[in-house]
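Listing of query-v8.cif, mmCIF, C-alpha atoms
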```cif
data_run
loop_
_atom_site.label_atom_id
_atom_site.label_comp_id
_atom_site.auth_asym_id
_atom_site.auth_seq_id
_atom_site.Cartn_x
_atom_site.Cartn_y
_atom_site.Cartn_z
CA ALA A 160 0.00 0.00 0.00
CA VAL A 161 2.84 2.36 0.88
CA SER A 162 4.57 1.59 -2.42
CA LEU A 163 1.35 2.23 -4.36
CA ALA A 164 0.81 5.54 -2.56
CA ALA A 165 4.37 6.63 -3.30
CA ALA A 166 3.99 5.71 -6.94
CA ALA A 167 0.73 7.65 -7.15
CA LEU A 168 2.32 10.71 -5.59
CA SER A 169 5.31 10.54 -7.89
CA GLY A 170 2.96 10.61 -10.85
CA CYS A 171 1.18 13.76 -9.68
CA ASP A 172 1.79 16.93 -11.65
CA VAL A 173 3.48 18.72 -8.72
CA PRO A 174 5.72 21.64 -9.78
CA ARG A 175 9.37 21.03 -8.96
CA ASP A 176 12.52 23.12 -9.25
CA SER A 177 15.52 21.71 -11.08
CA HIS A 178 17.83 23.86 -8.92
CA GLY A 179 15.70 24.16 -5.76
CA THR A 180 15.16 27.92 -5.92
CA SER A 181 11.95 27.91 -3.87
CA ARG A 182 13.64 26.16 -0.96
CA ARG A 183 16.89 28.11 -1.23
CA VAL A 184 15.37 31.61 -1.10
CA GLN A 185 13.00 30.82 1.79
CA GLY A 186 14.34 32.61 4.86
CA ALA A 187 17.62 33.33 3.08
CA GLU A 188 18.58 35.44 0.03
CA LEU A 189 16.55 36.56 -2.98
CA ARG A 190 18.79 37.77 -5.82
CA ALA A 191 16.65 40.22 -7.80
CA GLY A 192 17.74 41.71 -11.12
CA VAL A 193 16.09 45.02 -11.98
CA MET A 194 16.17 46.88 -15.29
CA ASP A 195 15.77 50.65 -15.40
CA ALA A 196 12.40 50.72 -17.16
CA ARG A 197 10.32 53.70 -16.13
CA PRO A 198 7.59 53.97 -14.94
CA PHE A 199 7.82 50.38 -13.66
CA ALA A 200 11.30 50.50 -12.12
CA ALA A 201 14.10 53.05 -11.82
CA TRP A 202 17.63 53.23 -10.47
CA ASP A 203 18.03 56.66 -8.87
CA GLY A 204 20.07 55.51 -5.89
CA PRO A 205 21.76 52.46 -4.37
CA GLU A 206 18.49 50.50 -4.55
CA PRO A 207 15.79 50.48 -7.24
CA SER A 208 12.52 52.33 -6.80
CA GLY A 209 9.13 52.01 -8.42
CA PRO A 210 6.10 49.71 -8.33
CA GLU A 211 7.81 46.52 -9.51
CA PRO A 212 10.76 46.68 -7.06
CA ASP A 213 8.19 47.32 -4.33
CA LEU A 214 6.40 44.12 -5.37
CA VAL A 215 9.73 42.28 -5.05
CA ARG A 216 10.12 43.71 -1.54
CA ARG A 217 6.69 42.40 -0.58
CA LEU A 218 7.50 38.98 -2.04
CA ALA A 219 10.77 38.87 -0.09
CA ALA A 220 8.91 39.80 3.10
CA GLU A 221 6.54 36.84 2.54
CA LEU A 222 9.55 34.57 2.10
CA GLY A 223 11.44 36.01 5.06
CA ALA A 224 14.31 36.65 2.64
CA ARG A 225 16.80 39.48 2.33
CA ILE A 226 17.20 40.99 -1.13
CA THR A 227 20.41 41.36 -3.08
CA TRP A 228 19.69 43.83 -5.87
CA VAL A 229 21.42 43.45 -9.23
CA ARG A 230 21.34 46.23 -11.82
CA GLY A 231 21.63 45.59 -15.54
CA SER A 232 20.12 45.62 -19.00
CA GLU A 233 17.60 43.09 -20.27
CA THR A 234 20.40 41.27 -22.11
CA THR A 235 22.76 41.00 -19.13
CA LEU A 236 20.11 40.19 -16.54
CA LEU A 237 18.28 37.54 -18.55
CA ALA A 238 21.61 35.95 -19.47
CA ALA A 239 22.43 35.84 -15.74
CA LEU A 240 18.99 34.36 -15.09
CA GLU A 241 19.59 31.70 -17.72
CA HIS A 242 22.71 30.62 -15.80
CA HIS A 243 20.95 30.73 -12.39
CA GLU A 244 23.05 33.69 -11.21
CA VAL A 245 19.92 35.61 -10.15
CA ASP A 246 16.53 34.33 -8.96
CA LEU A 247 14.15 36.89 -10.42
CA VAL A 248 14.22 39.66 -13.05
CA VAL A 249 11.77 42.58 -13.22
CA GLY A 250 11.57 45.97 -14.86
CA GLY A 251 8.91 46.39 -17.53
CA LEU A 252 9.67 42.92 -18.87
CA LEU A 253 7.43 41.71 -21.70
CA ARG A 254 6.28 38.15 -22.28
CA ASP A 255 7.46 38.32 -25.88
CA THR A 256 11.08 39.02 -24.90
CA PRO A 257 13.52 37.26 -27.26
CA TYR A 258 14.81 35.40 -24.19
CA ALA A 259 11.42 33.72 -23.60
CA PRO A 260 12.59 30.28 -24.85
CA ARG A 261 15.63 30.38 -22.56
CA VAL A 262 14.18 31.50 -19.21
CA GLY A 263 11.02 30.99 -17.20
CA LEU A 264 8.28 33.60 -17.43
CA THR A 265 5.22 34.07 -15.27
CA ALA A 266 1.82 34.41 -16.85
CA ALA A 267 1.06 38.00 -17.81
CA TYR A 268 0.28 39.80 -14.56
CA ALA A 269 -0.84 43.00 -16.37
CA ARG A 270 -1.72 44.20 -19.86
CA TYR A 271 -1.20 47.78 -20.96
CA GLU A 272 -1.69 49.87 -24.09
CA LEU A 273 0.76 52.44 -25.40
CA ALA A 274 -1.14 55.17 -27.20
CA VAL A 275 -1.29 58.75 -28.42
CA ALA A 276 -4.21 60.68 -26.96
CA ALA A 277 -5.50 64.23 -27.10
CA PRO A 278 -7.16 66.23 -24.31
CA PRO A 279 -10.97 66.48 -24.25
CA GLY A 280 -12.15 68.44 -27.28
CA GLY A 281 -8.74 68.20 -28.91
CA HIS A 282 -7.42 66.32 -31.91
CA LEU A 283 -4.46 64.03 -32.50
CA ASP A 284 -3.09 66.39 -35.16
CA ASP A 285 -3.04 69.44 -32.85
CA GLY A 286 0.73 69.88 -32.98
CA PRO A 287 3.62 67.56 -32.02
CA VAL A 288 3.13 64.68 -29.59
CA ALA A 289 4.55 65.27 -26.10
CA VAL A 290 6.70 62.36 -24.90
CA GLU A 291 8.90 61.93 -21.84
CA PRO A 292 12.59 61.66 -22.83
CA HIS A 293 14.26 58.25 -23.13
CA ARG A 294 11.02 56.29 -23.40
CA HIS A 295 10.53 53.52 -25.95
CA VAL A 296 7.15 54.95 -26.93
CA THR A 297 9.09 57.66 -28.80
CA ALA A 298 10.03 55.23 -31.58
CA LEU A 299 6.41 54.08 -31.87
CA VAL A 300 5.18 57.66 -32.23
CA ARG A 301 7.72 58.40 -34.96
CA ARG A 302 6.86 55.16 -36.72
CA SER A 303 3.24 56.35 -36.86
CA GLY A 304 4.41 59.39 -38.81
CA ARG A 305 3.89 61.91 -36.01
CA VAL A 306 6.33 64.55 -34.78
CA VAL A 307 7.73 64.09 -31.25
CA ALA A 308 8.27 66.87 -28.71
CA GLU A 309 10.28 65.56 -25.75
CA THR A 310 9.35 67.09 -22.41
CA ALA A 311 9.76 66.11 -18.76
CA ARG A 312 6.03 66.68 -18.19
CA PRO A 313 4.05 65.44 -21.20
CA GLY A 314 0.85 65.54 -19.19
CA SER A 315 1.13 69.32 -18.93
CA SER A 316 1.14 69.85 -22.67
CA GLY A 317 -1.98 71.37 -24.16
CA GLY A 318 -1.94 69.02 -27.13
CA PRO A 319 -1.61 65.27 -27.68
CA ALA A 320 0.73 63.16 -25.59
CA ALA A 321 1.97 59.57 -25.76
CA GLY A 322 2.39 57.05 -22.99
CA TYR A 323 0.80 54.10 -21.27
CA ASP A 324 -2.97 54.02 -20.85
CA PHE A 325 -2.69 54.63 -17.10
CA GLU A 326 -0.46 57.67 -17.73
CA LEU A 327 -2.88 59.13 -20.26
CA ALA A 328 -5.70 58.65 -17.74
CA ALA A 329 -3.68 60.43 -15.04
CA TRP A 330 -2.90 63.29 -17.45
CA GLY A 331 -6.53 63.77 -18.41
CA LYS A 332 -5.89 62.91 -22.07
CA SER A 333 -9.36 61.48 -22.59
CA GLY A 334 -9.97 62.78 -26.11
CA PRO A 335 -9.31 60.93 -29.39
CA ARG A 336 -6.81 58.07 -29.04
CA GLU A 337 -4.63 55.99 -31.34
CA VAL A 338 -3.26 52.74 -29.91
CA LEU A 339 0.40 52.17 -30.85
CA ALA A 340 1.10 48.86 -29.11
CA ARG A 341 -0.27 46.40 -26.58
CA GLU A 342 2.03 44.85 -23.99
CA GLU A 343 1.83 41.84 -21.65
CA HIS A 344 4.07 42.25 -18.62
CA ALA A 345 5.64 39.42 -16.62
CA PHE A 346 8.38 38.55 -14.14
CA ALA A 347 11.17 36.18 -15.18
CA VAL A 348 12.73 33.29 -13.24
CA PRO A 349 15.51 30.82 -14.08
CA PRO A 350 14.67 27.99 -16.50
CA GLY A 351 13.39 24.75 -15.02
CA GLU A 352 12.24 26.32 -11.73
CA HIS A 353 8.59 25.27 -11.97
CA ALA A 354 7.75 25.47 -8.26
CA TRP A 355 9.40 28.88 -8.02
CA VAL A 356 7.52 30.34 -11.00
CA SER A 357 4.29 28.94 -9.52
CA ARG A 358 5.06 30.67 -6.21
CA VAL A 359 5.78 33.99 -7.94
CA GLU A 360 2.62 33.71 -10.09
CA GLY A 361 0.50 33.09 -7.00
CA PHE A 362 1.98 36.18 -5.38
CA LEU A 363 1.32 38.28 -8.48
CA ARG A 364 -2.29 37.12 -8.70
CA ARG A 365 -2.85 38.49 -5.20
CA GLU A 366 -0.78 41.65 -5.36
CA ALA A 367 -0.62 42.87 -8.97
CA PRO A 368 -4.25 44.14 -9.21
CA SER A 369 -3.23 47.13 -7.07
CA LEU A 370 -0.38 48.02 -9.44
CA ARG A 371 -2.40 50.01 -11.99
CA ALA A 372 -3.71 52.38 -9.34
CA ARG A 373 -0.14 52.91 -8.09
CA LEU A 374 1.13 53.59 -11.62
CA GLU A 375 -1.67 56.06 -12.32
CA GLU A 376 -1.03 57.85 -9.03
CA ASP A 377 2.72 58.06 -9.74
CA ALA A 378 2.02 59.55 -13.17
CA LYS A 379 0.09 62.53 -11.79
#
```
Here is the file; what I need is its structure written in the form of structure tokens.
Amino acid sequence: AVSLAAAALSGCDVPRDSHGTSRRVQGAELRAGVMDARPFAAWDGPEPSGPEPDLVRRLAAELGARITWVRGSETTLLAALEHHEVDLVVGGLLRDTPYAPRVGLTAAYARYELAVAAPPGGHLDDGPVAVEPHRHVTALVRRSGRVVAETARPGSSGGPAAGYDFELAAWGKSGPREVLAREEHAFAVPPGEHAWVSRVEGFLRREAPSLRARLEEDAK
């Protein structure tokens, strides 16, 4: 009977980690890679700030783990993740990243639109499109044939502006809109860590719904 029970359990579809990440981080160290990807994460000091790093802090608190922050680009951090040198990567990461076949990705925890929008009563062709400097939406605006005007406060412009849907809502750009792209955001974990990705997904299901309100508030 014991042998049959063991065999039955071994056949269950229970998530397991190839490198034991779930067990290793519990009550110990969580190595978190963070990309500078505003408005989701930013490096303005010795530790990252923004909504996604704050989610990592809450996850670490649940695990009783201390965080070791690692700064880098998408290329360097996902390569480190692939070799199990970090445990988690965040920072505006998309599910269609070219690294998707080589790392583990959570299910999309949020979906956003990037768009150009005008203020109420305005039009999309009322002058150049205001865009915050160093944002990837700039290339999308130019690709649409529109002229870009970079400004630190695109929400204060009297004409159209480009950004995420939650930013446009915070800026009161509720007039005509043209969607430029749709994004699915995720967190990344090392490959083969099925129990760990399941743990992170469960956390995101509970905590991520509050993220949009935080992003909209930060954009004001």
Give me the residues near Gly304 in chain A as a short mmCIF file (atom, residue, chain, number, x, y, z; two decimals) with C-alpha atoms, in the coordinates of the input, where near means some atom within 12 Å (using all atoms listed in the file) and where sequence neighbours in that chain fewer than 4 positions away do not count.
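So part-v3.cif came out as:
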```cif
data_model
loop_
_atom_site.label_atom_id
_atom_site.label_comp_id
_atom_site.auth_asym_id
_atom_site.auth_seq_id
_atom_site.Cartn_x
_atom_site.Cartn_y
_atom_site.Cartn_z
CA VAL A 275 -1.29 58.75 -28.42
CA LEU A 283 -4.46 64.03 -32.50
CA ASP A 284 -3.09 66.39 -35.16
CA PRO A 287 3.62 67.56 -32.02
CA VAL A 288 3.13 64.68 -29.59
CA THR A 297 9.09 57.66 -28.80
CA ALA A 298 10.03 55.23 -31.58
CA LEU A 299 6.41 54.08 -31.87
CA VAL A 300 5.18 57.66 -32.23
CA LEU A 339 0.40 52.17 -30.85
#
```
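The two atoms in question, CA of Asp324 in chain A and CA of Arg364 in chain A, are spaced 20.8 Å apart.
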Self-check item: Proximity to Pro210 in chain A - best of A:Val193, A:Val296, A:Leu236, A:Val184, only C-alpha atoms
Solution: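 Looking only at the distances to Pro210 in chain A, the closest residue turns out to be A:Val193.
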Quiz item: When the PyMOL selection byres ((chain A and resi 251) around 7) is applied to the file above, which residues end up in the set, as a ChimeraX atom specification?
Solution: /A:196,199,249-250,252-253,344
Could you take the residues named above and write them with C-alpha atoms, as a short mmCIF file (atom, residue, chain, number, x, y, z; two decimals), keeping the file's coordinate frame?
```cif
data_model
loop_
_atom_site.label_atom_id
_atom_site.label_comp_id
_atom_site.auth_asym_id
_atom_site.auth_seq_id
_atom_site.Cartn_x
_atom_site.Cartn_y
_atom_site.Cartn_z
CA ALA A 196 12.40 50.72 -17.16
CA PHE A 199 7.82 50.38 -13.66
CA VAL A 249 11.77 42.58 -13.22
CA GLY A 250 11.57 45.97 -14.86
CA LEU A 252 9.67 42.92 -18.87
CA LEU A 253 7.43 41.71 -21.70
CA HIS A 344 4.07 42.25 -18.62
#
```
Exercise. Identify which of the residues A:Gly314, A:Ala259, A:Asp246, A:Gly331 lies closest to His178 in chain A, counting all atoms listed in the file when measuring atom-to-atom distances.
Key: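 Comparing A:Gly314, A:Ala259, A:Asp246, A:Gly331 against His178 in chain A, the winner is A:Asp246.
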Exercise. Given the file shown, enumerate the residues that the PyMOL selection byres ((chain A and resi 333) around 8) captures and present them as an MDAnalysis selection string.
Key: chainID A and resid 276:279 327:328 331:332 334:336
Same residues, C-alpha atoms, output as a PDB file, in the frame of the given file:
```pdb
ATOM      1  CA  ALA A 276      -4.210  60.680 -26.960  1.00  0.00           C
ATOM      2  CA  ALA A 277      -5.500  64.230 -27.100  1.00  0.00           C
ATOM      3  CA  PRO A 278      -7.160  66.230 -24.310  1.00  0.00           C
ATOM      4  CA  PRO A 279     -10.970  66.480 -24.250  1.00  0.00           C
ATOM      5  CA  LEU A 327      -2.880  59.130 -20.260  1.00  0.00           C
ATOM      6  CA  ALA A 328      -5.700  58.650 -17.740  1.00  0.00           C
ATOM      7  CA  GLY A 331      -6.530  63.770 -18.410  1.00  0.00           C
ATOM      8  CA  LYS A 332      -5.890  62.910 -22.070  1.00  0.00           C
ATOM      9  CA  GLY A 334      -9.970  62.780 -26.110  1.00  0.00           C
ATOM     10  CA  PRO A 335      -9.310  60.930 -29.390  1.00  0.00           C
ATOM     11  CA  ARG A 336      -6.810  58.070 -29.040  1.00  0.00           C
TER      12      ARG A 336
END
```
Exercise. Would you mind telling me which residue in A:Pro319, A:Pro350, A:Gly361, A:Pro260 lies nearest to Gly280 in chain A when using all atoms listed in the file?
Key: A:Pro319
Quiz prompt | Selected residue of minimal separation from Ser369 in chain A among A:Glu221, A:Glu244, A:Asp176, A:Glu211, counting all atoms listed in the file | solution =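 Result for the nearest residue to Ser369 in chain A: A:Glu211.
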Self-check item: Distance query Val245 in chain A at most 8 Å, all atoms listed in the file, self and fewer than 6 positions along chain excluded, as a list in words
Solution: Leu189, Arg190, Ala191, Gly192, Leu236, Ala239 and Pro349 of chain A
Self-check item: For Leu247 in chain A: contacts at 12 Å, only C-alpha atoms, fewer than 4 positions along chain excluded, given as a VMD selection string
Solution: chain A and resid 180 to 181 184 188 to 194 211 to 212 214 to 216 218 to 219 226 to 230 236 to 243 252 262 to 265 345 to 350 352 355 to 356 358 to 360
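Interatomic distance, CA of Glu272 in chain A to CA of Glu206 in chain A: 28.1 Å.
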Quiz item: Any idea what the distance is between CA of Glu343 in chain A and CA of Arg270 in chain A?
Solution: 4.6 Å
Exercise. Run through the PyMOL selection byres ((chain A and resi 321) around 6) on the given coordinates and return the selected residues as a PyMOL selection string.
Key: chain A and resi 274-275+290+320+322
Exercise. Find, counting all atoms listed in the file, the residue in A:Ala289, A:Ala269, A:Trp330, A:Gln185 that gets nearest to Leu370 in chain A.
Key: A:Ala269
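In this comparison, which uses only C-alpha atoms, the residue of A:Arg301, A:Arg254, A:Arg183, A:Arg197 approaching Glu342 in chain A most closely is A:Arg254.
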Within 6 Å of (6.1, 63.3, -21.5) (file coordinates; only C-alpha atoms), which protein or nucleic acid residues are there? I'd like them as a CSV table (one decimal) with C-alpha atoms, in the frame of the given file.
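And here's out35.csv as it stands now:
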```csv
chain,number,residue,atom,x,y,z
A,289,ALA,CA,4.6,65.3,-26.1
A,290,VAL,CA,6.7,62.4,-24.9
A,291,GLU,CA,8.9,61.9,-21.8
A,310,THR,CA,9.4,67.1,-22.4
A,311,ALA,CA,9.8,66.1,-18.8
A,312,ARG,CA,6.0,66.7,-18.2
A,313,PRO,CA,4.0,65.4,-21.2
```
Would you give the centre and edge lengths, in Å to one decimal, of a box along x, y and z around the listed atoms of range 251-269 of chain A, with 4 Å added to each side, as AutoDock Vina command-line options?
```
--center_x 7.4 --center_y 38.3 --center_z -20.9 --size_x 24.5 --size_y 24.1 --size_z 20.7
```
Residue rebuild result range 218-238 of chain A, N, CA and C atoms as a CSV table (one decimal), in the coordinates of the input:
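New file out_31.csv:
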```
chain,number,residue,atom,x,y,z
A,218,LEU,N,7.3,40.4,-1.9
A,218,LEU,CA,7.5,39.0,-2.0
A,218,LEU,C,8.6,38.5,-1.1
A,219,ALA,N,9.7,39.2,-1.0
A,219,ALA,CA,10.8,38.9,-0.1
A,219,ALA,C,10.3,38.8,1.4
A,220,ALA,N,9.4,39.8,1.7
A,220,ALA,CA,8.9,39.8,3.1
A,220,ALA,C,8.1,38.5,3.4
A,221,GLU,N,7.3,38.1,2.4
A,221,GLU,CA,6.5,36.8,2.5
A,221,GLU,C,7.5,35.7,2.7
A,222,LEU,N,8.6,35.7,2.1
A,222,LEU,CA,9.6,34.6,2.1
A,222,LEU,C,10.5,34.7,3.3
A,223,GLY,N,10.5,35.8,4.0
A,223,GLY,CA,11.4,36.0,5.1
A,223,GLY,C,12.9,36.1,4.5
A,224,ALA,N,13.0,36.6,3.3
A,224,ALA,CA,14.3,36.6,2.6
A,224,ALA,C,14.8,38.1,2.6
A,225,ARG,N,16.1,38.2,2.6
A,225,ARG,CA,16.8,39.5,2.3
A,225,ARG,C,17.0,39.6,0.8
A,226,ILE,N,17.1,40.8,0.3
A,226,ILE,CA,17.2,41.0,-1.1
A,226,ILE,C,18.6,41.5,-1.5
A,227,THR,N,19.2,40.8,-2.5
A,227,THR,CA,20.4,41.4,-3.1
A,227,THR,C,20.0,41.9,-4.5
A,228,TRP,N,20.1,43.2,-4.6
A,228,TRP,CA,19.7,43.8,-5.9
A,228,TRP,C,20.8,43.8,-6.9
A,229,VAL,N,20.5,43.5,-8.1
A,229,VAL,CA,21.4,43.4,-9.2
A,229,VAL,C,20.9,44.3,-10.3
A,230,ARG,N,21.7,45.3,-10.8
A,230,ARG,CA,21.3,46.2,-11.8
A,230,ARG,C,21.9,45.8,-13.2
A,231,GLY,N,21.1,46.0,-14.2
A,231,GLY,CA,21.6,45.6,-15.5
A,231,GLY,C,20.6,45.8,-16.6
A,232,SER,N,21.0,45.5,-17.9
A,232,SER,CA,20.1,45.6,-19.0
A,232,SER,C,19.3,44.3,-19.1
A,233,GLU,N,18.4,44.3,-20.0
A,233,GLU,CA,17.6,43.1,-20.3
A,233,GLU,C,18.5,42.0,-20.7
A,234,THR,N,19.5,42.3,-21.6
A,234,THR,CA,20.4,41.3,-22.1
A,234,THR,C,21.3,40.7,-21.0
A,235,THR,N,21.9,41.5,-20.2
A,235,THR,CA,22.8,41.0,-19.1
A,235,THR,C,22.0,40.3,-18.0
A,236,LEU,N,20.8,40.8,-17.6
A,236,LEU,CA,20.1,40.2,-16.5
A,236,LEU,C,19.5,38.9,-16.9
A,237,LEU,N,18.9,38.8,-18.1
A,237,LEU,CA,18.3,37.5,-18.6
A,237,LEU,C,19.3,36.5,-18.9
A,238,ALA,N,20.5,36.9,-19.3
A,238,ALA,CA,21.6,36.0,-19.5
A,238,ALA,C,22.0,35.4,-18.1
```
